[in-house]
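Read the structure below first, then the notes.
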Amino acid sequence: MFHRVICHAFVCLFVLSLPLLNGCGRQAGAGSDVPRPPATEVIVDAVVVDDVQIYIYADGLTVPANSVDIRARVSGFLEELFFEPGAIVRKGDRLALIEQASYHISLSAAHAELANSRAQADLAEANLDRGKILFERGAISAEELQTFQANYDMALARIELANANIRNAELNLQYTEIRSPITGKTTKNLVDIGNYVNPTAGVNAVLLSITQLDPMFVEFKLNDRQFLDLKDRIGFRDAFQVSADVSADVEEQNTNGSTGLPLALTGMPVDISLMTGASVFNFDFNIPGKIVALIDDRINFSTAQITIRAEVQNPLLSTEHAEDYMIYPGQVCRVRLPYEIVKDAILVREEAILTDLDTKYVLTVGRGMYQDVDRQGRPLVDASGNPVPPRETDVVQRRDIRIGRLLDNQMRIVLEGTRPGEGLRPGEPYIVHGVQRVRIGTEVTPTTLHDYNIRRAAELEAD
């Protein structure tokens, strides 16, 4: 009897628990009870096709076009300075003045010596004229006439010497007023007013230095491969054949004014960017220039490099009280030389390229079949317990690629896919931001950076 009661109790508990068990089964698998997880939002951009200019890059150093030490050319006490340390002076500007009194005296003495020489020459000429008359009358000998002629010639020579002394005295007087031989920037004065200066005095002979800063030279190095590739790009590959075909007596020029020979590197345009706190990916290359010389006559055997010099115009900046040049000697800069133009290049953003061991790839967004799952990754089922069928939506896809050069605007050239027939198509959307939150084959909601920024701005304004 007791066993029969226990059995009835278990049966009642089982019957009462059936609805609960049934409800739990629907919570775990029924599509009507479990919400679908939202798709991950990613920011995408479209694959671009464009013609791009390829450059060769090199690190450069600015060097002055000319630098002059201004020295005293005559001795004397330094009386006055006419420049401010660090100022810009023009060619011909007065820089300093050395005492002139003694040089004025020397010039006056030279003029007096000239007057004395001319008087002696007049007397010698008169004696020569009388001697000629006396010689014709037989009153003097030929030797005496020769003496009169020699005295006159010596008097003329003393006049020339006196004139030379005058020119030398005038030159020395001119040297007391020191002027700038070039236009450039001055250093501080190395000798103060009141000091005695002497051309042979060593240190005291240099009064200041002037550096010509416009134009400014930029020197940079190319390795032998870059140098030869660059020359080949501008036509040096055909130089030997062209030189053989052009005979010595053919001088006519073609339509572009050349003789048909390949272009030289000299005169090739370059762009310069100063390192003004910018990152290596943010050079503006806003200073145009041109190559003016290959200052090495050979490729260095140890470094396999050759030094090239380019010339740029140095802007002169001015304010109400001062003026100065923008570029200084000794500045490190970045130089780029045009290399080639790639037609119809496929471009993607550098930050969108991912690496899997030695393989580069990009995550794209395309239409594909996606199986809905719950938050635990289990496939969703409908109310009847049947699996929800896959649906077509935007899913993440992987594209393995081979990459080319990185451009200045941080766009990367995509050469092709790793396998024939693969790669990126023009206009195809690829993920730029959000690659860490998605996996291949998962559903995503793509949006452009422009639309994302507009929406975020509206949300922030609403808050």
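Chain lettering (A, B, ...) mirrors the order of the structure tokens, residue numbering begins at 1 for each chain separately, and ligand numbering begins at 1 in order of display.
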List every residue of segment 327-411 of chain A that DSSP, applied to the backbone of this structure, assigns to strand (DSSP E or B), and report them as a compact mmCIF listing (two decimals) with C-alpha atoms, in the first residue's frame.
# COMPACT_ATOMS: atom_id res chain seq x y z
CA VAL A 332 67.30 67.49 -42.24
CA CYS A 333 64.68 67.16 -44.95
CA ARG A 334 62.94 64.61 -47.15
CA VAL A 335 63.41 64.56 -50.91
CA ARG A 336 61.23 62.84 -53.49
CA LEU A 337 62.00 62.34 -57.17
CA PRO A 338 59.34 61.36 -59.74
CA TYR A 339 59.95 57.78 -60.85
CA GLU A 340 57.04 56.44 -62.89
CA ILE A 341 53.27 56.68 -63.36
CA VAL A 342 51.22 53.54 -62.73
CA LYS A 343 48.07 53.46 -64.84
CA ASP A 344 44.78 52.15 -63.38
CA ALA A 345 46.31 51.23 -60.04
CA ILE A 346 44.06 49.50 -57.48
CA LEU A 347 44.28 51.40 -54.18
CA VAL A 348 43.20 50.61 -50.62
CA ARG A 349 43.91 52.29 -47.31
CA LEU A 354 46.09 42.72 -42.36
CA THR A 355 48.83 40.13 -42.07
CA ASP A 356 48.54 36.37 -41.62
CA THR A 359 50.25 36.67 -46.37
CA LYS A 360 48.60 40.08 -46.72
CA TYR A 361 44.83 40.19 -46.89
CA VAL A 362 41.85 42.55 -46.72
CA LEU A 363 38.43 41.92 -45.19
CA THR A 364 35.69 42.84 -47.65
CA VAL A 365 31.91 43.03 -47.26
CA GLY A 366 29.79 41.10 -49.76
CA ARG A 367 26.45 39.38 -50.09
CA GLY A 368 26.44 35.85 -48.75
CA MET A 369 24.39 33.24 -46.87
CA TYR A 370 24.41 33.54 -43.09
CA VAL A 373 22.71 31.84 -34.12
CA PRO A 379 21.61 27.81 -34.50
CA VAL A 381 15.08 27.17 -34.46
CA PRO A 387 16.36 25.18 -37.72
CA ARG A 391 19.50 34.03 -45.24
CA GLU A 392 21.31 36.31 -47.65
CA THR A 393 22.93 39.35 -45.99
CA ASP A 394 26.18 41.33 -45.76
CA VAL A 395 28.96 39.03 -44.54
CA VAL A 396 32.71 39.36 -44.04
CA GLN A 397 34.96 37.84 -46.69
CA ARG A 398 38.72 37.51 -46.89
CA ARG A 399 40.77 38.50 -49.93
CA ASP A 400 44.46 37.55 -50.03
CA ILE A 401 46.48 40.15 -51.94
CA ARG A 402 49.96 41.13 -53.02
CA ILE A 403 50.84 44.71 -52.21
CA GLY A 404 52.93 47.33 -54.00
CA ARG A 405 54.21 50.75 -53.02
CA LEU A 406 52.80 52.91 -50.24
CA MET A 411 47.01 54.52 -49.92
Residue list (helix (DSSP H, G or I), DSSP) for segment 132-347 of chain A, as a ChimeraX atom specification: /A:132-137,142-175,202-205,224-233,236-245
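When only C-alpha atoms are used to measure the gap to Val312 of chain A, the shortest distance among A:Met275, A:Leu265, A:Leu357, A:Ala65 belongs to A:Ala65.
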Gap from atom CA of Arg233 of chain A to atom CA of Asn300 of chain A - Å, one decimal: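 Separating atom CA of Arg233 of chain A from atom CA of Asn300 of chain A is a distance of 22.0 Å.
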Shell of 12 Å around Thr147 of chain A, only C-alpha atoms, local chain residues under 2 positions omitted, as a list of chain:residue names: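 Returned residues: A:Ala124, A:Glu125, A:Asn127, A:Leu128, A:Gly131, A:Lys132, A:Ile140, A:Ser141, A:Ala142, A:Glu143, A:Glu144, A:Leu145, A:Gln149, A:Ala150, A:Asn151, A:Tyr152, A:Asp153, A:Met154.
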Residues within 8 Å of Val197 of chain A, only C-alpha atoms, excluding chain neighbours under 2 positions, as a PyMOL selection string: chain A and resi 72+74-78+195+199+201+204-205
Could the residues of segment 298-341 of chain A that have an atom at most 6 Å from segment 281-292 of chain A be listed as CSV, each with its closest atom pair and the distance in Å to one decimal, counting only C-alpha atoms and ordered by chain and ascending residue number?
residue,atom,partner,partner_atom,distance
A:Arg309,CA,A:Ile291,CA,5.9
A:Ala310,CA,A:Ile291,CA,4.0
A:Glu311,CA,A:Gly289,CA,5.4
A:Val312,CA,A:Gly289,CA,4.4
Residues within 6 Å of segment 180-190 of chain A, only C-alpha atoms, excluding chain neighbours under 2 positions, as a VMD selection string: chain A and resid 85 to 93 207 to 213
Close residues, Arg118 of chain A itself excluded, 9 Å, only C-alpha atoms, min 4 positions apart in chain, as a PyMOL selection string: chain A and resi 113-114+122-123+155-156+158-159
Next, write the just-selected residues to a file, as a short mmCIF file (atom, residue, chain, number, x, y, z; two decimals), in the first residue's frame, keeping N, CA and C atoms as the atom set.
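Final output, saved to result-v5.cif:
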data_model
loop_
_atom_site.label_atom_id
_atom_site.label_comp_id
_atom_site.auth_asym_id
_atom_site.auth_seq_id
_atom_site.Cartn_x
_atom_site.Cartn_y
_atom_site.Cartn_z
N GLU A 113 103.64 113.28 -55.02
CA GLU A 113 104.70 112.61 -55.78
C GLU A 113 104.42 112.67 -57.28
N LEU A 114 103.17 112.58 -57.66
CA LEU A 114 102.82 112.68 -59.07
C LEU A 114 103.12 114.08 -59.61
N ASP A 122 108.67 117.58 -67.17
CA ASP A 122 108.66 118.79 -68.01
C ASP A 122 110.08 119.34 -68.18
N LEU A 123 110.86 119.35 -67.09
CA LEU A 123 112.24 119.82 -67.18
C LEU A 123 113.06 118.90 -68.08
N ALA A 155 111.86 110.26 -66.24
CA ALA A 155 110.83 111.15 -65.68
C ALA A 155 109.44 110.65 -66.02
N LEU A 156 109.26 110.14 -67.24
CA LEU A 156 107.96 109.58 -67.61
C LEU A 156 107.64 108.32 -66.79
N ARG A 158 108.69 107.78 -63.76
CA ARG A 158 108.32 108.20 -62.41
C ARG A 158 106.87 108.68 -62.36
N ILE A 159 106.39 109.26 -63.48
CA ILE A 159 104.97 109.64 -63.53
C ILE A 159 104.08 108.39 -63.44
#
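Atom CA of Ala458 of chain A is positioned 24.7 Å from atom CA of Val435 of chain A.
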For atom CA of Ala39 of chain A and atom CA of Thr447 of chain A, the interatomic separation in Å (one decimal): 12.1 Å
Nearest-residue call for Tyr328 of chain A, choices A:Ala139, A:Met268, A:Val48, A:Val218, using only C-alpha atoms: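 Selected residue with least distance to Tyr328 of chain A: A:Val218.
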